Each structure stands twice: as C-alpha cells, then as structure tokens.
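What's in start_36.txt: compact mmCIF, C-alpha atoms
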```
# COMPACT_ATOMS: atom_id res chain seq x y z
CA MET Y 1409 -110.62 69.04 119.72
CA SER Y 1410 -109.83 71.91 122.09
CA ASN Y 1411 -112.56 73.94 120.46
CA LYS Y 1412 -116.05 72.49 120.37
CA LYS Y 1413 -116.73 74.45 117.20
CA ASN Y 1414 -114.38 71.99 115.49
CA TRP Y 1415 -116.65 69.06 116.12
CA PRO Y 1416 -117.76 67.71 112.76
CA LEU Y 1417 -121.37 67.55 111.68
CA TRP Y 1418 -123.17 64.20 111.53
CA GLU Y 1419 -126.36 63.22 109.75
CA ILE Y 1420 -128.71 61.09 111.80
CA PHE Y 1421 -130.97 58.37 110.41
CA VAL Y 1422 -133.51 56.67 112.65
CA ARG Y 1423 -135.68 53.63 112.00
CA SER Y 1424 -138.81 54.28 113.96
CA LYS Y 1425 -140.22 50.74 113.77
CA ASN Y 1426 -139.04 47.32 112.76
CA GLY Y 1427 -139.86 46.79 109.10
CA LEU Y 1428 -139.65 50.46 108.19
CA GLU Y 1429 -136.62 52.05 106.60
CA HIS Y 1430 -134.22 54.46 108.31
CA ARG Y 1431 -135.26 58.04 107.72
CA HIS Y 1432 -133.23 61.20 107.93
CA PHE Y 1433 -134.06 62.88 111.26
CA GLY Y 1434 -131.61 65.76 111.30
CA SER Y 1435 -128.01 66.55 112.09
CA LEU Y 1436 -125.86 67.27 115.11
CA HIS Y 1437 -122.27 67.87 116.20
CA ALA Y 1438 -120.09 65.20 117.78
CA ALA Y 1439 -116.39 64.48 118.16
CA ASP Y 1440 -116.61 60.94 116.79
CA ALA Y 1441 -119.06 58.25 115.73
CA ASP Y 1442 -119.63 56.91 119.25
CA MET Y 1443 -120.48 60.33 120.57
CA ALA Y 1444 -122.69 60.96 117.54
CA LEU Y 1445 -124.69 57.82 118.39
CA GLU Y 1446 -125.08 58.86 122.03
CA ASN Y 1447 -126.03 62.39 121.09
CA ALA Y 1448 -128.50 61.10 118.51
CA ARG Y 1449 -130.08 58.92 121.17
CA ASP Y 1450 -130.56 61.96 123.38
CA VAL Y 1451 -131.52 64.49 120.74
CA TYR Y 1452 -133.79 62.42 118.49
CA THR Y 1453 -135.01 59.31 120.28
CA ARG Y 1454 -135.61 60.48 123.83
CA ARG Y 1455 -139.36 60.09 123.45
CA ASN Y 1456 -139.09 56.52 122.29
CA GLU Y 1457 -139.09 57.30 118.58
CA GLY Y 1458 -136.72 54.62 117.35
CA VAL Y 1459 -135.44 51.08 117.27
CA SER Y 1460 -132.23 51.73 115.34
CA ILE Y 1461 -129.92 54.66 114.66
CA TRP Y 1462 -127.41 55.24 111.86
CA VAL Y 1463 -124.93 58.09 111.94
CA VAL Y 1464 -122.78 59.26 109.07
CA GLU Y 1465 -120.44 62.20 108.96
CA SER Y 1466 -121.99 64.84 106.76
CA LYS Y 1467 -118.85 65.22 104.64
CA HIS Y 1468 -119.34 61.70 103.32
CA ILE Y 1469 -122.62 62.63 101.69
CA THR Y 1470 -122.46 63.73 98.09
CA ALA Y 1471 -125.44 65.89 97.21
CA SER Y 1472 -126.93 66.73 93.84
CA ASN Y 1473 -126.59 70.31 92.71
CA PRO Y 1474 -129.91 72.23 92.68
CA GLU Y 1475 -128.75 73.96 89.49
CA ASN Y 1476 -128.93 70.60 87.74
CA ASN Y 1477 -132.50 69.93 88.84
CA GLY Y 1478 -133.75 70.51 85.31
CA GLU Y 1479 -131.79 67.75 83.63
CA LEU Y 1480 -132.01 65.46 86.65
CA PHE Y 1481 -135.71 65.52 87.40
CA GLU Y 1482 -137.79 67.26 84.75
CA PRO Y 1483 -137.65 64.68 81.94
CA ALA Y 1484 -139.90 62.37 83.98
CA GLN Y 1485 -142.66 64.90 84.45
CA ASP Y 1486 -144.28 64.98 81.01
CA LYS Y 1487 -144.29 61.24 80.46
CA VAL Y 1488 -147.35 60.05 82.23
CA TYR Y 1489 -146.63 56.43 81.24
CA ARG Y 1490 -143.54 56.46 83.43
CA HIS Y 1491 -145.63 56.83 86.59
CA PRO Y 1492 -147.24 53.67 87.94
CA THR Y 1493 -150.53 55.42 88.64
CA PHE Y 1494 -152.73 53.00 86.71
CA TYR Y 1495 -152.59 50.20 89.25
CA ASP Y 1496 -154.98 49.75 92.14
CA LEU Y 1497 -152.96 49.02 95.24
CA PRO Y 1498 -154.53 46.57 97.68
CA ASP Y 1499 -155.02 48.08 101.16
CA GLU Y 1500 -152.65 45.49 102.64
CA VAL Y 1501 -149.72 47.08 100.83
CA LYS Y 1502 -148.63 49.90 103.07
CA HIS Y 1503 -145.81 52.39 102.86
CA MET Y 1504 -145.68 52.57 99.05
CA MET D 42 -145.83 55.90 161.57
CA LYS D 43 -145.94 52.14 161.64
CA ASN D 44 -143.16 51.45 159.22
CA GLU D 45 -140.85 54.37 159.79
CA ASN D 46 -137.68 52.52 158.88
CA LEU D 47 -139.03 51.58 155.47
CA TYR D 48 -140.25 55.15 154.93
CA ASN D 49 -136.84 56.59 155.79
CA TYR D 50 -135.11 53.95 153.73
CA ILE D 51 -137.10 54.85 150.61
CA LEU D 52 -136.37 58.54 151.14
CA GLY D 53 -132.68 57.75 151.49
CA ILE D 54 -132.69 56.24 148.01
CA ALA D 55 -135.01 58.75 146.39
CA ASP D 56 -133.42 61.93 147.74
CA ASN D 57 -130.16 61.09 145.94
CA SER D 58 -131.99 61.01 142.63
CA LEU D 59 -134.05 64.12 143.40
CA ILE D 60 -131.08 66.29 144.28
CA LEU D 61 -128.88 64.98 141.47
CA GLY D 62 -131.81 65.43 139.08
CA GLN D 63 -132.17 69.04 140.18
CA ARG D 64 -128.45 69.64 139.66
CA MET D 65 -128.56 68.19 136.15
CA GLY D 66 -131.75 70.15 135.45
CA GLU D 67 -129.89 73.37 136.24
CA LEU D 68 -127.97 72.79 133.01
CA CYS D 69 -131.13 73.01 130.91
CA GLY D 70 -130.26 75.77 128.44
CA HIS D 71 -126.78 76.12 129.93
CA GLY D 72 -124.95 72.96 128.81
CA PRO D 73 -121.63 73.35 127.01
CA THR D 74 -123.09 72.25 123.67
CA LEU D 75 -126.66 71.75 122.49
CA GLU D 76 -126.16 67.97 122.46
CA THR D 77 -124.67 67.67 125.95
CA ASP D 78 -127.28 70.10 127.25
CA ILE D 79 -130.02 67.75 126.08
CA ALA D 80 -128.15 64.71 127.41
CA CYS D 81 -127.84 66.23 130.90
CA THR D 82 -131.49 67.27 130.90
CA ASN D 83 -132.48 63.75 129.83
CA ILE D 84 -130.60 62.30 132.77
CA SER D 85 -132.38 64.78 134.99
CA LEU D 86 -135.79 63.71 133.69
CA ASP D 87 -134.90 60.03 134.11
CA LEU D 88 -134.00 60.69 137.74
CA PHE D 89 -137.18 62.67 138.43
CA GLY D 90 -139.21 59.83 136.94
CA GLN D 91 -137.54 57.41 139.34
CA VAL D 92 -138.09 59.77 142.23
CA ARG D 93 -141.83 59.83 141.60
CA SER D 94 -142.09 56.04 141.94
CA TYR D 95 -140.19 56.12 145.23
CA TYR D 96 -142.10 59.04 146.74
CA GLN D 97 -145.48 57.64 145.70
CA TYR D 98 -144.56 54.44 147.50
CA ALA D 99 -143.28 56.38 150.53
CA ALA D 100 -146.52 58.39 150.67
CA LYS D 101 -148.44 55.11 150.71
CA ILE D 102 -146.26 53.76 153.52
CA ALA D 103 -146.76 56.97 155.52
CA GLY D 104 -150.48 56.30 155.32
CA ASP D 105 -151.59 59.87 156.12
CA ASP D 106 -152.65 62.58 153.69
CA ARG D 107 -149.17 63.49 152.47
CA THR D 108 -148.49 63.21 148.73
CA GLU D 109 -145.40 62.63 146.61
CA ASP D 110 -145.20 66.41 146.07
CA ASP D 111 -145.28 67.14 149.80
CA ILE D 112 -142.40 64.77 150.32
CA ALA D 113 -140.38 66.20 147.44
CA MET D 114 -141.09 69.89 147.95
CA LEU D 115 -142.01 70.64 151.53
CA ARG D 116 -139.31 69.17 153.71
CA LYS D 117 -136.65 71.25 155.45
CA GLU D 118 -132.98 70.93 154.61
CA ARG D 119 -132.20 68.70 157.60
CA GLU D 120 -134.92 66.28 156.52
CA TYR D 121 -133.27 65.45 153.19
CA LYS D 122 -131.23 62.26 153.32
CA ASN D 123 -129.19 62.50 150.13
CA VAL D 124 -125.44 61.93 150.17
CA LEU D 125 -123.23 65.02 150.03
CA LEU D 126 -121.84 64.02 146.63
CA VAL D 127 -125.03 64.69 144.67
CA GLU D 128 -125.60 68.19 146.04
CA GLN D 129 -122.18 69.48 144.90
CA PRO D 130 -122.52 72.31 142.38
CA ASN D 131 -121.92 72.38 138.62
CA THR D 132 -118.62 74.23 139.04
CA ASP D 133 -117.75 73.36 135.44
CA PHE D 134 -118.56 70.54 133.04
CA ALA D 135 -115.81 68.34 134.53
CA TYR D 136 -117.48 68.59 137.97
CA THR D 137 -120.85 67.78 136.45
CA ILE D 138 -119.42 64.71 134.74
CA GLY D 139 -117.25 63.70 137.71
CA ARG D 140 -120.17 63.90 140.14
CA GLN D 141 -122.38 61.94 137.75
CA PHE D 142 -119.74 59.27 137.18
CA LEU D 143 -118.91 58.82 140.88
CA PHE D 144 -122.61 58.45 141.63
CA ASP D 145 -123.59 56.35 138.59
CA VAL D 146 -121.10 53.56 139.35
CA TYR D 147 -122.58 53.31 142.84
CA HIS D 148 -126.18 53.72 141.64
CA LEU D 149 -125.93 50.92 139.10
CA ALA D 150 -124.41 48.47 141.59
CA PHE D 151 -127.01 49.50 144.17
CA LEU D 152 -129.97 48.94 141.85
CA ALA D 153 -128.64 45.55 140.77
CA GLU D 154 -128.85 44.51 144.44
CA LEU D 155 -132.16 46.27 145.10
CA GLN D 156 -133.71 44.16 142.35
CA LYS D 157 -133.28 41.22 144.73
CA SER D 158 -135.17 42.95 147.55
CA ASN D 159 -138.02 40.97 149.07
CA ASP D 160 -140.07 44.17 148.98
CA LEU D 161 -141.76 43.69 145.61
CA THR D 162 -142.42 47.38 145.00
CA LEU D 163 -138.80 48.33 145.55
CA SER D 164 -137.52 45.48 143.43
CA ALA D 165 -139.93 46.48 140.63
CA ILE D 166 -138.78 50.11 140.77
CA ALA D 167 -135.14 48.98 140.70
CA ASN D 168 -135.90 46.78 137.73
CA LYS D 169 -137.38 49.73 135.86
CA CYS D 170 -134.61 52.20 136.77
CA ILE D 171 -131.64 50.02 135.98
CA LYS D 172 -131.83 50.46 132.20
CA GLU D 173 -131.82 54.22 132.52
CA VAL D 174 -128.98 54.18 135.01
CA SER D 175 -126.94 51.84 132.79
CA TYR D 176 -127.13 54.54 130.14
CA HIS D 177 -126.17 57.27 132.63
CA GLU D 178 -123.15 55.27 133.66
CA ARG D 179 -122.10 54.76 130.06
CA PHE D 180 -122.54 58.44 129.31
CA SER D 181 -120.59 59.70 132.33
CA SER D 182 -117.81 57.08 132.06
CA ASP D 183 -117.41 57.94 128.41
CA TRP D 184 -117.05 61.63 129.19
CA VAL D 185 -114.57 61.04 132.03
CA LYS D 186 -112.42 59.20 129.49
CA ARG D 187 -112.83 61.89 126.85
CA LEU D 188 -111.92 64.71 129.21
CA GLY D 189 -109.23 62.82 131.12
CA ASP D 190 -107.59 61.57 127.95
CA GLY D 191 -108.31 64.71 125.91
CA THR D 192 -106.22 67.86 125.92
CA GLU D 193 -103.88 69.00 128.67
CA GLU D 194 -106.50 71.49 129.84
CA SER D 195 -109.39 69.00 129.87
CA ASN D 196 -107.19 66.52 131.75
CA GLN D 197 -106.37 69.11 134.42
CA LYS D 198 -110.00 70.09 134.84
CA MET D 199 -111.19 66.50 135.06
CA GLN D 200 -108.45 65.71 137.57
CA ALA D 201 -109.39 68.75 139.69
CA ALA D 202 -113.03 67.66 139.74
CA ILE D 203 -112.20 64.07 140.73
CA ASP D 204 -109.77 65.29 143.42
CA ASP D 205 -112.41 67.61 144.91
CA LEU D 206 -115.31 65.16 144.75
CA TRP D 207 -113.34 62.17 146.02
CA THR D 208 -113.90 63.17 149.64
CA TYR D 209 -117.65 62.54 149.21
CA THR D 210 -117.38 59.00 147.84
CA ASP D 211 -116.95 57.04 151.07
CA GLU D 212 -120.31 58.23 152.42
CA LEU D 213 -122.07 56.19 149.74
CA PHE D 214 -121.19 53.09 151.77
CA HIS D 215 -122.25 54.31 155.21
CA GLN D 216 -125.24 52.65 156.81
CA THR D 217 -128.00 54.57 158.61
CA GLU D 218 -130.22 53.01 161.26
CA ALA D 219 -132.93 52.60 158.61
CA ASP D 220 -130.41 50.88 156.32
CA LYS D 221 -129.43 48.37 158.98
CA ALA D 222 -133.03 47.61 159.87
CA MET D 223 -134.00 47.10 156.23
CA VAL D 224 -130.96 44.95 155.47
CA ALA D 225 -131.93 42.74 158.42
CA GLU D 226 -135.41 42.31 156.93
CA GLY D 227 -134.10 41.44 153.48
CA VAL D 228 -135.60 44.63 152.06
CA GLY D 229 -132.53 46.83 151.87
CA VAL D 230 -129.16 46.62 150.19
CA ASP D 231 -126.06 46.19 152.33
CA VAL D 232 -124.07 49.08 150.85
CA THR D 233 -120.92 48.13 152.75
CA GLN D 234 -120.69 45.13 150.43
CA LEU D 235 -120.58 47.38 147.35
CA LYS D 236 -117.55 49.38 148.39
CA GLU D 237 -114.70 47.20 147.20
CA LYS D 238 -116.18 46.63 143.77
CA TYR D 239 -116.99 50.33 143.48
CA TYR D 240 -113.45 51.56 144.06
CA LYS D 241 -112.05 48.85 141.83
CA GLN D 242 -114.28 49.89 138.94
CA VAL D 243 -113.76 53.63 139.50
CA ASN D 244 -109.98 53.25 139.81
CA GLU D 245 -109.76 51.19 136.63
CA LEU D 246 -111.69 53.78 134.67
CA LEU D 247 -109.62 56.66 136.07
CA LYS D 248 -106.47 54.84 134.99
CA GLU D 249 -107.90 54.29 131.55
CA ALA D 250 -108.78 57.98 131.42
CA ASN D 251 -105.18 58.94 132.16
CA LEU D 252 -106.17 60.34 135.57
CA GLU D 253 -104.50 59.95 138.96
CA ILE D 254 -106.42 58.09 141.66
CA PRO D 255 -106.68 60.53 144.60
CA GLU D 256 -104.66 59.42 147.59
CA SER D 257 -106.61 61.22 150.30
CA LYS D 258 -108.09 58.89 152.89
CA TRP D 259 -110.09 61.66 154.58
CA PHE D 260 -113.74 61.60 153.75
CA GLN D 261 -116.75 63.87 154.35
CA LYS D 262 -120.01 62.49 155.65
CA GLY D 263 -123.31 63.62 157.09
CA GLY D 264 -125.78 63.92 154.20
CA LYS D 265 -127.52 60.65 155.02
CA GLU D 266 -128.18 62.01 158.53
CA GLY D 267 -129.40 65.37 157.21
CA ILE D 268 -126.17 67.30 157.85
CA HIS D 269 -125.47 68.88 154.50
CA THR D 270 -122.89 71.10 152.83
CA GLU D 271 -123.71 74.78 152.37
CA HIS D 272 -124.82 74.08 148.79
CA LEU D 273 -128.03 72.20 149.56
CA GLY D 274 -129.92 75.18 151.01
CA TYR D 275 -129.53 77.17 147.81
CA LEU D 276 -130.53 74.19 145.72
CA LEU D 277 -133.67 73.66 147.80
CA SER D 278 -134.68 77.31 147.59
CA ASP D 279 -134.72 76.91 143.79
CA LEU D 280 -136.41 73.52 143.91
CA GLN D 281 -139.09 74.53 146.40
CA TYR D 282 -139.71 78.10 145.24
CA MET D 283 -143.00 77.47 143.44
CA GLN D 284 -144.59 75.37 146.18
CA ARG D 285 -143.47 77.76 148.90
CA THR D 286 -144.59 80.89 147.05
CA TYR D 287 -147.89 79.50 145.77
CA PRO D 288 -148.81 76.79 148.29
CA ASN D 289 -150.79 73.88 146.85
CA MET D 290 -150.42 75.11 143.30
CA GLU D 291 -150.97 72.50 140.61
CA TRP D 292 -150.20 72.27 136.92
```
Rewritten as structure tokens:
Amino acid sequence: MSNKKNWPLWEIFVRSKNGLEHRHFGSLHAADADMALENARDVYTRRNEGVSIWVVESKHITASNPENNGELFEPAQDKVYRHPTFYDLPDEVKHM
Amino acid sequence: MKNENLYNYILGIADNSLILGQRMGELCGHGPTLETDIACTNISLDLFGQVRSYYQYAAKIAGDDRTEDDIAMLRKEREYKNVLLVEQPNTDFAYTIGRQFLFDVYHLAFLAELQKSNDLTLSAIANKCIKEVSYHERFSSDWVKRLGDGTEESNQKMQAAIDDLWTYTDELFHQTEADKAMVAEGVGVDVTQLKEKYYKQVNELLKEANLEIPESKWFQKGGKEGIHTEHLGYLLSDLQYMQRTYPNMEW
C-alpha cells in the first residue's frame, strides 16, 4: 500500500436508469472495494449518469481467449435459422 | 445598503466555499492519482456551484448593479470573510485532506442548522448543498482514516497536517457582528452551539484513524474580519487574474 502503483485495478459497471442493466463503463485503480465505489462515483457518474454502481476487481474476471474466437463464435454465423430475425418486434418492446 | 448584515452574513458563508473550492481546484491535473485528482476537482465544482447561489442572492440583496462575478472576483483581500482554515495551502495530500475534513465536519453541521433558517432562500440553498457536503465529509473522513491508519509514513504526514491545521479550527465558531444580528433575527446559525459537537466528532474520528488529538489550546483567528494569512493574497491573484487582466470579460 505504500506505493500507489500497487493499487489493484477494478472494473466498473453502472446502471444508468432503473429498469436497465448494469453496463461496463471502464476501469480504475483503488485500494479496496469501498474506495473503488467512491472513485467510480467521481470518475464515471459525476454528471448524473447512474442510479447504481457495481465494482469488481479485474482479477476476478475470466476472459475468453481471442485465439479461440473461431470455435467460440463462428459456428453461429452461417446458420441463418439460429438468428431470431424473422419476428416483427412491437415498438413497445425496447432494449432488445 | 439597507440590509448590510444579511449581505455580509451571506458573504461569510460563501467565501469559505469559494476559497476552499479554489484550493481544491488547484489540484486539477496535479492530484496524487487520476482518481483522487477527479475527486478533488469534483469537490471544487460542488463548492463553486454553491457559491453561485449565495453570491446571486447577495447581489440581489445589495440591490445595485453588482453581479455574482463582481462579488467573487473583484473584492480586495481584506474584504474576503473566509476563515483562515480554508485558505491554507495544499502542502501535501495530507494537508489537502486534513483541511477538507476539518472544514467538512463543520460545514455539514452548519448546513443542517441553516436549513432551519427563516430566510427561505438561505434554507433552500442549505437544503440543496447538504447532499454534496455529506459526500465531501464522507470522502475526507475516509481518507483521514486511510492515511492515519495506513503506513508509518502516511500516519506521520497526516498527523503533521492535523497538528498544523488545528490552530485554525476554533475560528469556525467565532461570531461576527453580522452573525449575531442574523442569529437574533432567526436567519443565521449560532455557530457557538456547534463547537462541542464538532470537537467530539473530530476527536472520535482522529482516534479511530490512529492519530493524536492535538493538545494546543492556542488558536489563530482573523479571517472572518478580513485579516488573513499570507497565503490568501497569492490565491486571489490566481483566482482574479482573468477579470483583472481583461476587465468585464465573459465566456
């Protein structure tokens, strides 16, 4: 803790409105979860962007490997019947 | 001026926020980390927002052609009524945090009382400011604890800042002539009533932060009467530079 460079990295998720989901806003450094929340408030919601903040230390996120993108994502691309594009969505259904 | 006491009373409140806001603004781009830099600048912007409400009201009370900007930017050093505490420099981050903490505890208690003022404008401003100041107080208290209860070095620095700034705390509870007149009218806050609670709260937090409560009973005063430390002149020359160099400029 004597060196600020040792502060771990945190990922910040903000819900901008009630009813919407939390979205990834960015990342920042903080010594612990409380400080991460306060920093997130100052860095990402100072212009009234949010109603709720989640913070999670970046090391707890397991990411997919870009090298595996082929086997992970490509099989869906050539099967048009797997995409629900044949339905008409009513205007009332937002955020789909 | 018809209501000079009210005018001076408003300036007494607002000048604290203006000068502290300027001090925190100095850290813009110079904070110890990106995150604390933004936090300090946010506090600065909160304070400037509050200042505008007060000065707009004061300009209305004055009833001549002066504006909020004239009041903020074009007074001389002796005409500023802020307490000495808020003009103390950002010697290091511990001083910045110590100054903020010692003021925030007072500021929050003050606004809670000002909300009860029978002057509806002042009580509305207090009502609006108190949420922001609650956050400031949480932020600065949190950092006093982190630094005081952190490493040996951070503890020493936080202790040095508290020891140096302590001498400016008692002035927060001094009453000016305008204060007394406004308290009598039910407009102003009787700051002498806030003192006991203030020191109790501050002392408890210092203990929690593993810091010694300074023993000195000798206190500085004068800011409320316009007698300032040597630091204010330099601060004002920064603050007023644009208006003095390009009079009546707007943007």
For range 145-219 of chain D against range 1438-1450 of chain Y, with a cut-off of 10 Å and counting all atoms listed in the file, what is the closest atom pair and its distance in Å to one decimal for every residue that makes the cut, ordered by chain and number, as JSON lines?
```
{"residue": "D:Tyr176", "atom": "CA", "partner": "Y:Glu1446", "partner_atom": "CA", "distance": 9.4}
{"residue": "D:Arg179", "atom": "CA", "partner": "Y:Glu1446", "partner_atom": "CA", "distance": 9.5}
{"residue": "D:Phe180", "atom": "CA", "partner": "Y:Glu1446", "partner_atom": "CA", "distance": 7.7}
{"residue": "D:Asp183", "atom": "CA", "partner": "Y:Met1443", "partner_atom": "CA", "distance": 8.8}
{"residue": "D:Trp184", "atom": "CA", "partner": "Y:Met1443", "partner_atom": "CA", "distance": 9.4}
{"residue": "D:Arg187", "atom": "CA", "partner": "Y:Ala1439", "partner_atom": "CA", "distance": 9.7}
```
Expressed in Å to a single decimal, how great is the separation between CA of Pro1498 in chain Y and CA of Pro1483 in chain Y? 29.3 Å
Residue neighbourhood Ile1420 in chain Y, 9 Å, all atoms listed in the file, exclusion window fewer than 3 positions, as a PyMOL selection string: chain Y and resi 1431-1436+1444-1445+1448+1452+1461-1465
Keeping only C-alpha atoms, write the selected residues to a file as a short mmCIF file (atom, residue, chain, number, x, y, z; two decimals), keeping the file's coordinate frame.
```cif
data_model
loop_
_atom_site.label_atom_id
_atom_site.label_comp_id
_atom_site.auth_asym_id
_atom_site.auth_seq_id
_atom_site.Cartn_x
_atom_site.Cartn_y
_atom_site.Cartn_z
CA ARG Y 1431 -135.26 58.04 107.72
CA HIS Y 1432 -133.23 61.20 107.93
CA PHE Y 1433 -134.06 62.88 111.26
CA GLY Y 1434 -131.61 65.76 111.30
CA SER Y 1435 -128.01 66.55 112.09
CA LEU Y 1436 -125.86 67.27 115.11
CA ALA Y 1444 -122.69 60.96 117.54
CA LEU Y 1445 -124.69 57.82 118.39
CA ALA Y 1448 -128.50 61.10 118.51
CA TYR Y 1452 -133.79 62.42 118.49
CA ILE Y 1461 -129.92 54.66 114.66
CA TRP Y 1462 -127.41 55.24 111.86
CA VAL Y 1463 -124.93 58.09 111.94
CA VAL Y 1464 -122.78 59.26 109.07
CA GLU Y 1465 -120.44 62.20 108.96
#
```
What does the distance between CA of Lys221 in chain D and CA of Leu235 in chain D come to in Å, to one decimal place? 14.6 Å
Contacts from chain D to chain Y, 10 Å maximum, all atoms listed in the file: show me the residue list as a ChimeraX atom specification. /D:73-84,176,179-180,183-184,187,191-195
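Going from CA of Thr137 in chain D to CA of Ile60 in chain D covers 13.0 Å.
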Exercise: Asn49 in chain D partners within 10 Å, only C-alpha atoms, chain neighbours under 2 positions left out, as a ChimeraX atom specification: /D:44-47,51-55,99,103,120-122,217-220,223
Which polymer residues have any atom within 9 Å of an atom of Asn1426 in chain Y, counting all atoms listed in the file, with same-chain residues fewer than 3 positions away left out, as a ChimeraX atom specification? /Y:1423,1429,1458-1460
Please provide the set of residues having any atom within 7 Å of range 241-254 of chain D, restricted to all atoms listed in the file, with same-chain residues fewer than 4 positions apart removed, written as an NGL selection string. :D and (185-186 or 189-190 or 200 or 237)
Between Y:Glu1475, Y:Glu1500, Y:Glu1457, Y:Asp1486, which residue has the minimum interatomic distance to Ser1424 in chain Y, considering all atoms listed in the file? Y:Glu1457
Can you rebuild range 139-161 of chain D with N, CA and C atoms and give it as an mmCIF file, in the coordinates of the input?
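Once written, part_11.cif looks like this:
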```
data_model
loop_
_atom_site.group_PDB
_atom_site.id
_atom_site.type_symbol
_atom_site.label_atom_id
_atom_site.label_comp_id
_atom_site.auth_asym_id
_atom_site.auth_seq_id
_atom_site.Cartn_x
_atom_site.Cartn_y
_atom_site.Cartn_z
ATOM 1 N N GLY D 139 -117.883 64.439 136.619
ATOM 2 C CA GLY D 139 -117.250 63.700 137.710
ATOM 3 C C GLY D 139 -118.271 63.275 138.753
ATOM 4 N N ARG D 140 -119.127 64.195 139.146
ATOM 5 C CA ARG D 140 -120.170 63.900 140.140
ATOM 6 C C ARG D 140 -121.089 62.801 139.624
ATOM 7 N N GLN D 141 -121.482 62.926 138.352
ATOM 8 C CA GLN D 141 -122.380 61.940 137.750
ATOM 9 C C GLN D 141 -121.717 60.566 137.717
ATOM 10 N N PHE D 142 -120.465 60.541 137.289
ATOM 11 C CA PHE D 142 -119.740 59.270 137.180
ATOM 12 C C PHE D 142 -119.594 58.609 138.550
ATOM 13 N N LEU D 143 -119.139 59.392 139.545
ATOM 14 C CA LEU D 143 -118.910 58.820 140.880
ATOM 15 C C LEU D 143 -120.220 58.322 141.487
ATOM 16 N N PHE D 144 -121.329 58.946 141.133
ATOM 17 C CA PHE D 144 -122.610 58.450 141.630
ATOM 18 C C PHE D 144 -123.134 57.288 140.793
ATOM 19 N N ASP D 145 -123.017 57.380 139.480
ATOM 20 C CA ASP D 145 -123.590 56.350 138.590
ATOM 21 C C ASP D 145 -123.025 54.955 138.881
ATOM 22 N N VAL D 146 -121.708 54.875 139.098
ATOM 23 C CA VAL D 146 -121.100 53.560 139.350
ATOM 24 C C VAL D 146 -121.729 52.942 140.594
ATOM 25 N N TYR D 147 -121.909 53.772 141.622
ATOM 26 C CA TYR D 147 -122.580 53.310 142.840
ATOM 27 C C TYR D 147 -124.049 52.951 142.552
ATOM 28 N N HIS D 148 -124.732 53.858 141.867
ATOM 29 C CA HIS D 148 -126.180 53.720 141.640
ATOM 30 C C HIS D 148 -126.510 52.421 140.905
ATOM 31 N N LEU D 149 -125.693 52.122 139.890
ATOM 32 C CA LEU D 149 -125.930 50.920 139.100
ATOM 33 C C LEU D 149 -125.751 49.657 139.950
ATOM 34 N N ALA D 150 -124.665 49.635 140.733
ATOM 35 C CA ALA D 150 -124.410 48.470 141.590
ATOM 36 C C ALA D 150 -125.508 48.342 142.650
ATOM 37 N N PHE D 151 -125.955 49.502 143.159
ATOM 38 C CA PHE D 151 -127.010 49.500 144.170
ATOM 39 C C PHE D 151 -128.311 48.934 143.614
ATOM 40 N N LEU D 152 -128.698 49.400 142.423
ATOM 41 C CA LEU D 152 -129.970 48.940 141.850
ATOM 42 C C LEU D 152 -129.933 47.452 141.517
ATOM 43 N N ALA D 153 -128.763 46.973 141.080
ATOM 44 C CA ALA D 153 -128.640 45.550 140.770
ATOM 45 C C ALA D 153 -128.963 44.713 142.012
ATOM 46 N N GLU D 154 -128.545 45.211 143.188
ATOM 47 C CA GLU D 154 -128.850 44.510 144.440
ATOM 48 C C GLU D 154 -130.294 44.727 144.875
ATOM 49 N N LEU D 155 -130.789 45.959 144.661
ATOM 50 C CA LEU D 155 -132.160 46.270 145.100
ATOM 51 C C LEU D 155 -133.192 45.442 144.322
ATOM 52 N N GLN D 156 -132.815 45.027 143.123
ATOM 53 C CA GLN D 156 -133.710 44.160 142.350
ATOM 54 C C GLN D 156 -134.018 42.867 143.100
ATOM 55 N N LYS D 157 -133.092 42.484 143.999
ATOM 56 C CA LYS D 157 -133.280 41.220 144.730
ATOM 57 C C LYS D 157 -134.041 41.430 146.042
ATOM 58 N N SER D 158 -134.460 42.662 146.305
ATOM 59 C CA SER D 158 -135.170 42.950 147.550
ATOM 60 C C SER D 158 -136.425 42.088 147.674
ATOM 61 N N ASN D 159 -136.757 41.714 148.917
ATOM 62 C CA ASN D 159 -138.020 40.970 149.070
ATOM 63 C C ASN D 159 -139.218 41.915 149.210
ATOM 64 N N ASP D 160 -138.981 43.216 149.116
ATOM 65 C CA ASP D 160 -140.070 44.170 148.980
ATOM 66 C C ASP D 160 -140.360 44.301 147.479
ATOM 67 N N LEU D 161 -141.519 43.808 147.049
ATOM 68 C CA LEU D 161 -141.760 43.690 145.610
ATOM 69 C C LEU D 161 -141.854 45.036 144.911
#
```
